[in-house]
Each structure stands twice: as structure tokens, then as C-alpha cells.
>>> print(open('final17.txt').read())   # compact mmCIF, C-alpha atoms
# COMPACT_ATOMS: atom_id res chain seq x y z
CA MET A 1 -10.78 20.24 8.74
CA ALA A 2 -7.54 19.39 6.97
CA GLY A 3 -5.60 20.40 10.07
CA ASN A 4 -7.65 18.09 12.28
CA ALA A 5 -7.15 15.21 9.85
CA ALA A 6 -3.40 15.81 9.78
CA ALA A 7 -3.25 15.90 13.58
CA TYR A 8 -5.30 12.70 13.83
CA THR A 9 -3.06 10.99 11.26
CA THR A 10 0.03 12.04 13.20
CA LYS A 11 -1.37 10.58 16.42
CA VAL A 12 -2.22 7.30 14.68
CA LEU A 13 1.26 7.07 13.17
CA ASN A 14 2.87 7.79 16.53
CA ALA A 15 0.77 5.06 18.14
CA LEU A 16 1.70 2.61 15.40
CA GLU A 17 5.36 3.52 15.83
CA ILE A 18 5.16 2.74 19.54
CA VAL A 19 3.41 -0.58 18.88
CA VAL A 20 6.02 -1.54 16.27
CA ALA A 21 8.83 -0.64 18.66
CA ILE A 22 7.28 -2.76 21.41
CA GLY A 23 6.87 -5.66 19.00
CA ALA A 24 10.50 -5.33 17.88
CA VAL A 25 11.70 -5.48 21.48
CA ALA A 26 9.48 -8.49 22.22
CA ILE A 27 10.89 -10.34 19.20
CA ALA A 28 14.51 -9.26 19.62
CA ILE A 29 14.85 -10.37 23.23
CA PRO A 30 14.06 -14.08 22.63
CA VAL A 31 16.26 -14.14 19.53
CA VAL A 32 19.23 -12.61 21.35
CA SER A 33 18.62 -14.94 24.29
CA ILE A 34 18.73 -18.01 22.02
CA TYR A 35 22.05 -16.93 20.48
CA MET A 36 23.51 -16.20 23.92
CA LEU A 37 22.38 -19.60 25.19
CA GLY A 38 24.09 -21.22 22.21
CA GLU A 39 27.36 -19.51 23.07
CA SER A 40 26.99 -19.77 26.85
CA PRO A 41 29.59 -22.54 27.49
CA LEU A 42 32.32 -20.55 25.74
CA ILE A 43 31.29 -17.33 27.46
CA LYS A 44 31.20 -19.05 30.86
CA ARG A 45 34.62 -20.63 30.39
CA PHE A 46 36.21 -17.33 29.41
CA PHE A 47 34.48 -15.50 32.25
CA VAL A 48 35.44 -18.02 34.94
CA GLN A 49 39.06 -18.16 33.80
CA SER A 50 39.35 -14.40 34.27
CA PHE A 51 39.11 -14.93 38.07
CA LYS A 52 41.77 -16.24 40.42
CA PRO A 53 41.75 -20.05 40.91
CA ARG A 54 40.61 -19.78 44.53
CA SER A 55 37.52 -17.79 43.52
CA ARG A 56 36.45 -19.89 40.54
CA ARG A 57 34.40 -22.38 42.56
CA LYS A 58 32.21 -19.61 43.95
CA VAL A 59 31.97 -17.93 40.54
CA VAL A 60 30.76 -21.20 39.00
CA ALA A 61 28.15 -21.53 41.77
CA ILE A 62 26.95 -17.97 41.15
CA LEU A 63 26.72 -18.58 37.41
CA HIS A 64 24.72 -21.75 38.03
CA ASP A 65 22.22 -19.87 40.20
CA VAL A 66 22.05 -17.03 37.66
CA ASP A 67 21.26 -19.62 34.96
CA GLN A 68 18.46 -20.93 37.16
CA VAL A 69 17.04 -17.43 37.61
CA ILE A 70 17.18 -16.47 33.92
CA GLY A 71 15.97 -19.85 32.71
CA GLY A 72 13.12 -19.86 35.19
CA PHE A 73 12.14 -16.32 34.27
CA ILE A 74 12.10 -17.08 30.54
CA ARG A 75 10.12 -20.28 31.03
CA GLY A 76 7.71 -18.50 33.30
CA GLN A 77 7.19 -15.63 30.87
CA ILE A 78 6.51 -18.07 28.03
CA ILE A 79 3.96 -19.96 30.13
CA VAL A 80 2.22 -16.77 31.23
CA ALA A 81 2.20 -15.40 27.66
CA ALA A 82 0.72 -18.66 26.35
CA VAL A 83 -2.02 -18.67 28.99
CA ILE A 84 -2.84 -15.00 28.35
CA GLY A 85 -2.96 -15.64 24.60
CA ILE A 86 -5.33 -18.58 25.02
CA LEU A 87 -7.59 -16.62 27.38
CA ALA A 88 -7.62 -13.64 25.00
CA ILE A 89 -8.50 -15.85 22.01
CA ALA A 90 -11.31 -17.50 23.95
CA ALA A 91 -12.71 -14.16 25.12
CA LEU A 92 -12.59 -12.63 21.64
CA MET A 93 -14.28 -15.68 20.13
CA LEU A 94 -17.06 -15.50 22.72
CA LEU A 95 -17.52 -11.82 21.84
CA HIS A 96 -17.50 -12.66 18.09
CA VAL A 97 -14.59 -10.32 17.37
CA ARG A 98 -12.95 -10.79 13.99
CA TYR A 99 -9.36 -12.02 13.75
CA ALA A 100 -9.64 -13.42 17.29
CA VAL A 101 -6.75 -15.88 16.90
CA ILE A 102 -4.34 -13.30 15.46
CA ILE A 103 -5.25 -10.62 17.99
CA GLY A 104 -5.13 -13.09 20.89
CA ALA A 105 -1.70 -14.35 19.81
CA TRP A 106 -0.51 -10.75 19.57
CA ALA A 107 -1.84 -10.09 23.10
CA GLY A 108 0.12 -13.08 24.39
CA ILE A 109 3.34 -11.90 22.75
CA MET A 110 2.92 -8.36 24.04
CA ASP A 111 2.23 -9.65 27.54
CA VAL A 112 5.94 -10.30 28.11
CA ILE A 113 6.42 -6.52 28.42
CA PRO A 114 5.42 -5.28 31.89
CA TYR A 115 2.73 -2.60 32.16
CA ILE A 116 2.84 -1.50 28.51
CA GLY A 117 2.35 -4.98 27.03
CA PRO A 118 -1.24 -5.58 28.18
CA PHE A 119 -2.34 -2.24 26.72
CA ALA A 120 -0.50 -2.86 23.45
CA GLY A 121 -2.18 -6.26 23.23
CA ALA A 122 -5.67 -4.95 24.00
CA ILE A 123 -5.68 -1.90 21.70
CA PRO A 124 -6.02 -3.86 18.40
CA ALA A 125 -8.84 -5.94 19.89
CA VAL A 126 -10.75 -2.85 21.00
CA ILE A 127 -10.28 -1.13 17.63
CA VAL A 128 -11.41 -4.16 15.61
CA ALA A 129 -14.41 -4.72 17.88
CA LEU A 130 -15.37 -1.06 17.65
CA ILE A 131 -15.11 -0.96 13.84
CA PHE A 132 -16.90 -4.21 13.03
CA ASN A 133 -19.18 -4.84 16.03
CA GLY A 134 -19.87 -1.47 17.60
CA ALA A 135 -19.29 0.26 20.93
CA GLY A 136 -20.96 -2.47 22.99
CA SER A 137 -18.58 -5.12 21.73
CA ALA A 138 -15.60 -2.83 22.27
CA LEU A 139 -16.70 -2.29 25.88
CA GLY A 140 -16.97 -6.05 26.32
CA VAL A 141 -13.43 -6.47 25.01
CA ILE A 142 -12.16 -3.87 27.48
CA VAL A 143 -13.86 -5.70 30.36
CA ALA A 144 -12.51 -9.08 29.18
CA PHE A 145 -8.93 -7.85 28.90
CA THR A 146 -9.19 -6.12 32.28
CA VAL A 147 -10.28 -9.39 33.91
CA ILE A 148 -7.48 -11.29 32.15
CA ASN A 149 -4.92 -8.70 33.25
CA GLN A 150 -6.11 -8.89 36.86
CA LEU A 151 -5.97 -12.68 36.76
CA GLU A 152 -2.39 -12.49 35.55
CA GLY A 153 -1.34 -9.85 38.05
CA HIS A 154 -2.85 -11.52 41.11
CA LEU A 155 -2.46 -15.24 40.35
CA LEU A 156 -0.09 -16.16 37.51
CA ALA A 157 2.76 -13.66 37.63
CA PRO A 158 3.27 -13.53 41.45
CA ARG A 159 3.40 -17.31 41.66
CA ILE A 160 5.97 -17.52 38.88
CA VAL A 161 8.14 -14.76 40.33
CA SER A 162 8.07 -16.32 43.80
CA THR A 163 9.02 -19.79 42.55
CA THR A 164 11.61 -18.95 39.89
CA VAL A 165 13.23 -15.58 40.51
CA LYS A 166 12.63 -15.82 44.28
CA ILE A 167 12.27 -12.15 45.08
CA THR A 168 9.54 -10.50 47.10
CA PRO A 169 6.71 -8.50 45.48
CA LEU A 170 8.19 -5.33 47.02
CA GLY A 171 11.50 -6.17 45.38
CA VAL A 172 9.73 -6.57 42.04
CA ILE A 173 8.10 -3.15 42.42
CA PHE A 174 11.38 -1.44 43.28
CA ALA A 175 13.17 -3.23 40.43
CA LEU A 176 10.55 -2.12 37.90
CA LEU A 177 10.56 1.47 39.18
CA ILE A 178 14.35 1.81 39.22
CA CYS A 179 15.06 0.02 35.93
CA GLY A 180 12.15 1.74 34.19
CA LYS A 181 13.40 5.14 35.33
CA ILE A 182 16.99 4.51 34.25
CA PHE A 183 16.59 2.37 31.11
CA GLY A 184 13.02 3.09 30.03
CA LEU A 185 11.13 0.37 28.15
CA VAL A 186 14.10 -2.01 28.05
CA GLY A 187 14.49 -1.56 31.80
CA LEU A 188 10.92 -2.74 32.38
CA VAL A 189 11.67 -5.88 30.38
CA VAL A 190 14.89 -6.83 32.22
CA ALA A 191 13.96 -5.54 35.68
CA VAL A 192 12.75 -8.81 37.23
CA PRO A 193 15.57 -11.10 36.00
CA LEU A 194 18.11 -8.40 36.85
CA ALA A 195 16.71 -8.23 40.38
CA GLY A 196 16.99 -12.01 40.60
CA ILE A 197 20.63 -11.86 39.52
CA VAL A 198 21.37 -9.18 42.13
CA ARG A 199 19.72 -11.40 44.75
CA VAL A 200 21.93 -14.34 43.76
CA ILE A 201 25.11 -12.24 43.92
CA LEU A 202 24.21 -10.74 47.31
CA THR A 203 23.27 -14.17 48.66
CA HIS A 204 26.67 -15.61 47.73
CA ALA A 205 28.55 -12.50 48.84
CA PHE A 206 27.06 -12.53 52.34
CA GLN A 207 26.61 -16.27 52.65
CA GLU A 208 27.17 -17.60 56.15
CA GLU A 209 27.62 -21.10 57.42
CA ALA A 210 24.39 -22.71 58.54
CA VAL A 211 23.87 -22.79 62.29
CA THR A 212 23.10 -26.31 63.44
CA ASN A 213 21.07 -27.47 66.43
CA ALA A 214 24.30 -28.66 67.99
CA GLN A 215 25.63 -25.10 67.98
CA LEU A 216 22.42 -23.64 69.36
CA LYS A 217 21.92 -26.35 72.00
CA PRO A 218 24.50 -29.14 72.27
CA GLY A 219 21.98 -31.32 74.08
CA LEU A 220 20.21 -31.83 70.71
CA THR A 221 23.21 -33.51 69.10
CA GLN A 222 23.32 -37.14 68.07
CA GLU A 223 26.45 -37.74 70.14
CA PRO A 224 26.34 -40.48 72.81
CA ARG A 225 25.04 -39.27 76.17
CA SER A 226 28.45 -39.88 77.76
CA ARG A 227 30.11 -37.37 75.37
CA VAL A 228 27.59 -34.57 75.84
CA ASP A 229 28.17 -31.96 78.51
CA PRO A 230 25.30 -32.44 81.02
CA ARG A 231 25.20 -28.68 81.63
CA ALA A 232 24.33 -28.12 77.95
CA THR A 233 21.05 -30.01 78.31
CA LYS A 234 19.79 -27.84 81.14
CA SER A 235 17.19 -25.24 80.14
>>> encode(input="final17.txt", output="C-alpha cells")
Amino acid sequence: MAGNAAAYTTKVLNALEIVVAIGAVAIAIPVVSIYMLGESPLIKRFFVQSFKPRSRRKVVAILHDVDQVIGGFIRGQIIVAAVIGILAIAALMLLHVRYAVIIGAWAGIMDVIPYIGPFAGAIPAVIVALIFNGAGSALGVIVAFTVINQLEGHLLAPRIVSTTVKITPLGVIFALLICGKIFGLVGLVVAVPLAGIVRVILTHAFQEEAVTNAQLKPGLTQEPRSRVDPRATKS
């Protein structure tokens, strides 16, 4: 009996340790981001000056696009987290679960962590519902969080990724798999913005001049008819 209790206590402590670690990462990332944003002009100036003068214009353009990617990702994550938190609070209140506001806010904060976050946010809700309301309420909480997670995965998150980071869903999957395998939990957090940064760099590295209608078919130019080669207008 004592052995079973010790094993159960160890499992609970390990689970709490994981939850605390996830919470620490979720809190540390915004704090570090704020400090980096505060120092960004100095960092940018030093970084750009390390390149040759002829390359600085392109470097500045890349940094501008990277800023757009990171800023859009952060704004998007905050919006998604707020929506998930509000939905979680509403669902828990409808199910009469105690501490609905606190648990829902925690679910919103944890939602910024891909894959693991939704589970970390739902576990306290399920435990509280099970302890105070019974198994039926806990099952209702599981169903509610599953619906919320599906809503996020199929409607909110894809729209935000497509409009801010501008990478395909397949790119997101590969980024999460690769970064998660190499860097673990931190890799899952930075995978999407990192993929957006790689996209920006590759776009500028292989950027080509736009092909105009005049180059494809000179007959479509706005030049006077007398200056256009008649043979170019023939199909």
C-alpha cells in the first residue's frame, strides 16, 4: 500500500514538474521578447553595420520582413490565446466547474505552446471537475476542450499562420517535426516563426525581377502603336 502511494505521489510530482516547466517557458518567452524589442534598434544597427555597404540595403529589407513575421506571429498567438481563454471560461461556467476564470485563463496561456499546451490547459479543468462535480462533469469538460481545440486547429490557427507567417500548412508540419526533434519543447514554441524567417531569407536570396506583360508579349505594352513591332502582336 505504501509503495503504491509513493509511486502515485511520484507520478503526480512529475506531472506538476512538467506543468511548471511549461508555464515557465510560456512566461519567459514574452518577457524575453519584450526586452529584445526594447533593444532592437541598437541590435539592428550593429547587425547591419557588420555587412558590406553594398549588401546593407538588402539586409535592412530582410530584417523588416523578419520583423513583420515575428510581430505577426506574436500578435496572432496573443489573439488565439485570448479567444481560447474566453471560450474555455465560458464552457467551464456552463458546466458549473469551480475556478472557471482561473482555469480558463491558464488554458489560454498554455495554448501558446503547440500540441502540449492544450493538454496542459485542460488537465486542471478535468481534475477540478472530477473532484468537485463528478465523472460526468469531467467528461463534459473533456468534450468541451476537444471542441475548442478542434476549432482552434481548423479555423483560428491556420488563418493566422497563412496571413502573418505566410507559410503553407505542410511547411508548418515539417517545421514542428524538425524543430521538435532537435530542440524539444522549445523547438515546438519557435518552430513556426523560425520557418517564417527561413522563408523570408530564401525569398530574398532567390528573388528575381518581376516579369512584365511587355516581356511576355510586347503587344500588351502601353507604347504607341507606331513603336510596337507588328510581329509581336501576332498570336
>>> closest_atom_pairs(input="final17.txt", of="stretch 148-196 of chain A", to="stretch 101-117 of chain A", cutoff="12 Å", atoms="only C-alpha atoms", output="JSON lines")
{"residue": "A:Ile148", "atom": "CA", "partner": "A:Ala107", "partner_atom": "CA", "distance": 10.7}
{"residue": "A:Asn149", "atom": "CA", "partner": "A:Asp111", "partner_atom": "CA", "distance": 9.2}
{"residue": "A:Gln150", "atom": "CA", "partner": "A:Tyr115", "partner_atom": "CA", "distance": 11.8}
{"residue": "A:Glu152", "atom": "CA", "partner": "A:Asp111", "partner_atom": "CA", "distance": 9.7}
{"residue": "A:Gly153", "atom": "CA", "partner": "A:Tyr115", "partner_atom": "CA", "distance": 10.2}
{"residue": "A:Ala157", "atom": "CA", "partner": "A:Pro114", "partner_atom": "CA", "distance": 10.5}
{"residue": "A:Val172", "atom": "CA", "partner": "A:Pro114", "partner_atom": "CA", "distance": 11.1}
{"residue": "A:Ile173", "atom": "CA", "partner": "A:Pro114", "partner_atom": "CA", "distance": 11.1}
{"residue": "A:Ala175", "atom": "CA", "partner": "A:Pro114", "partner_atom": "CA", "distance": 11.7}
{"residue": "A:Leu176", "atom": "CA", "partner": "A:Pro114", "partner_atom": "CA", "distance": 8.5}
{"residue": "A:Leu177", "atom": "CA", "partner": "A:Pro114", "partner_atom": "CA", "distance": 11.2}
{"residue": "A:Cys179", "atom": "CA", "partner": "A:Pro114", "partner_atom": "CA", "distance": 11.7}
{"residue": "A:Gly180", "atom": "CA", "partner": "A:Pro114", "partner_atom": "CA", "distance": 10.0}
{"residue": "A:Gly184", "atom": "CA", "partner": "A:Ile116", "partner_atom": "CA", "distance": 11.3}
{"residue": "A:Leu185", "atom": "CA", "partner": "A:Ile113", "partner_atom": "CA", "distance": 8.4}
{"residue": "A:Val186", "atom": "CA", "partner": "A:Ile113", "partner_atom": "CA", "distance": 8.9}
{"residue": "A:Gly187", "atom": "CA", "partner": "A:Pro114", "partner_atom": "CA", "distance": 9.8}
{"residue": "A:Leu188", "atom": "CA", "partner": "A:Pro114", "partner_atom": "CA", "distance": 6.1}
{"residue": "A:Val189", "atom": "CA", "partner": "A:Ile113", "partner_atom": "CA", "distance": 5.6}
{"residue": "A:Val190", "atom": "CA", "partner": "A:Ile113", "partner_atom": "CA", "distance": 9.3}
{"residue": "A:Ala191", "atom": "CA", "partner": "A:Pro114", "partner_atom": "CA", "distance": 9.3}
{"residue": "A:Val192", "atom": "CA", "partner": "A:Pro114", "partner_atom": "CA", "distance": 9.7}
>>> closest_residue(input="final17.txt", among="A:Ile167, A:Leu92, A:Arg75, A:Phe47", to="A:Ile62", atoms="all atoms listed in the file")
A:Phe47
>>> atom_distance(input="final17.txt", atom1="atom CA of A:Ala205", atom2="atom CA of A:Ala61")
11.5 Å
>>> residues_near_point(input="final17.txt", point="(14.8, -22.0, 34.4)", cutoff="12 Å", atoms="all atoms listed in the file", output="mmCIF file with C-alpha atoms, in the frame of the given file")
data_model
loop_
_atom_site.group_PDB
_atom_site.id
_atom_site.type_symbol
_atom_site.label_atom_id
_atom_site.label_comp_id
_atom_site.auth_asym_id
_atom_site.auth_seq_id
_atom_site.Cartn_x
_atom_site.Cartn_y
_atom_site.Cartn_z
ATOM 1 C CA HIS A 64 24.720 -21.750 38.030
ATOM 2 C CA ASP A 65 22.220 -19.870 40.200
ATOM 3 C CA VAL A 66 22.050 -17.030 37.660
ATOM 4 C CA ASP A 67 21.260 -19.620 34.960
ATOM 5 C CA GLN A 68 18.460 -20.930 37.160
ATOM 6 C CA VAL A 69 17.040 -17.430 37.610
ATOM 7 C CA ILE A 70 17.180 -16.470 33.920
ATOM 8 C CA GLY A 71 15.970 -19.850 32.710
ATOM 9 C CA GLY A 72 13.120 -19.860 35.190
ATOM 10 C CA PHE A 73 12.140 -16.320 34.270
ATOM 11 C CA ILE A 74 12.100 -17.080 30.540
ATOM 12 C CA ARG A 75 10.120 -20.280 31.030
ATOM 13 C CA GLY A 76 7.710 -18.500 33.300
ATOM 14 C CA GLN A 77 7.190 -15.630 30.870
ATOM 15 C CA ILE A 78 6.510 -18.070 28.030
ATOM 16 C CA ILE A 79 3.960 -19.960 30.130
ATOM 17 C CA ILE A 160 5.970 -17.520 38.880
ATOM 18 C CA VAL A 161 8.140 -14.760 40.330
ATOM 19 C CA THR A 163 9.020 -19.790 42.550
ATOM 20 C CA THR A 164 11.610 -18.950 39.890
ATOM 21 C CA VAL A 165 13.230 -15.580 40.510
ATOM 22 C CA LYS A 166 12.630 -15.820 44.280
ATOM 23 C CA PRO A 193 15.570 -11.100 36.000
ATOM 24 C CA GLY A 196 16.990 -12.010 40.600
#
>>> closest_residue(input="final17.txt", among="A:Val141, A:Ala125, A:Leu130, A:Ala120", to="A:Leu95", atoms="only C-alpha atoms")
A:Val141
>>> closest_residue(input="final17.txt", among="A:Leu63, A:Lys58, A:Val198, A:Gly85", to="A:Pro41", atoms="only C-alpha atoms")
A:Leu63
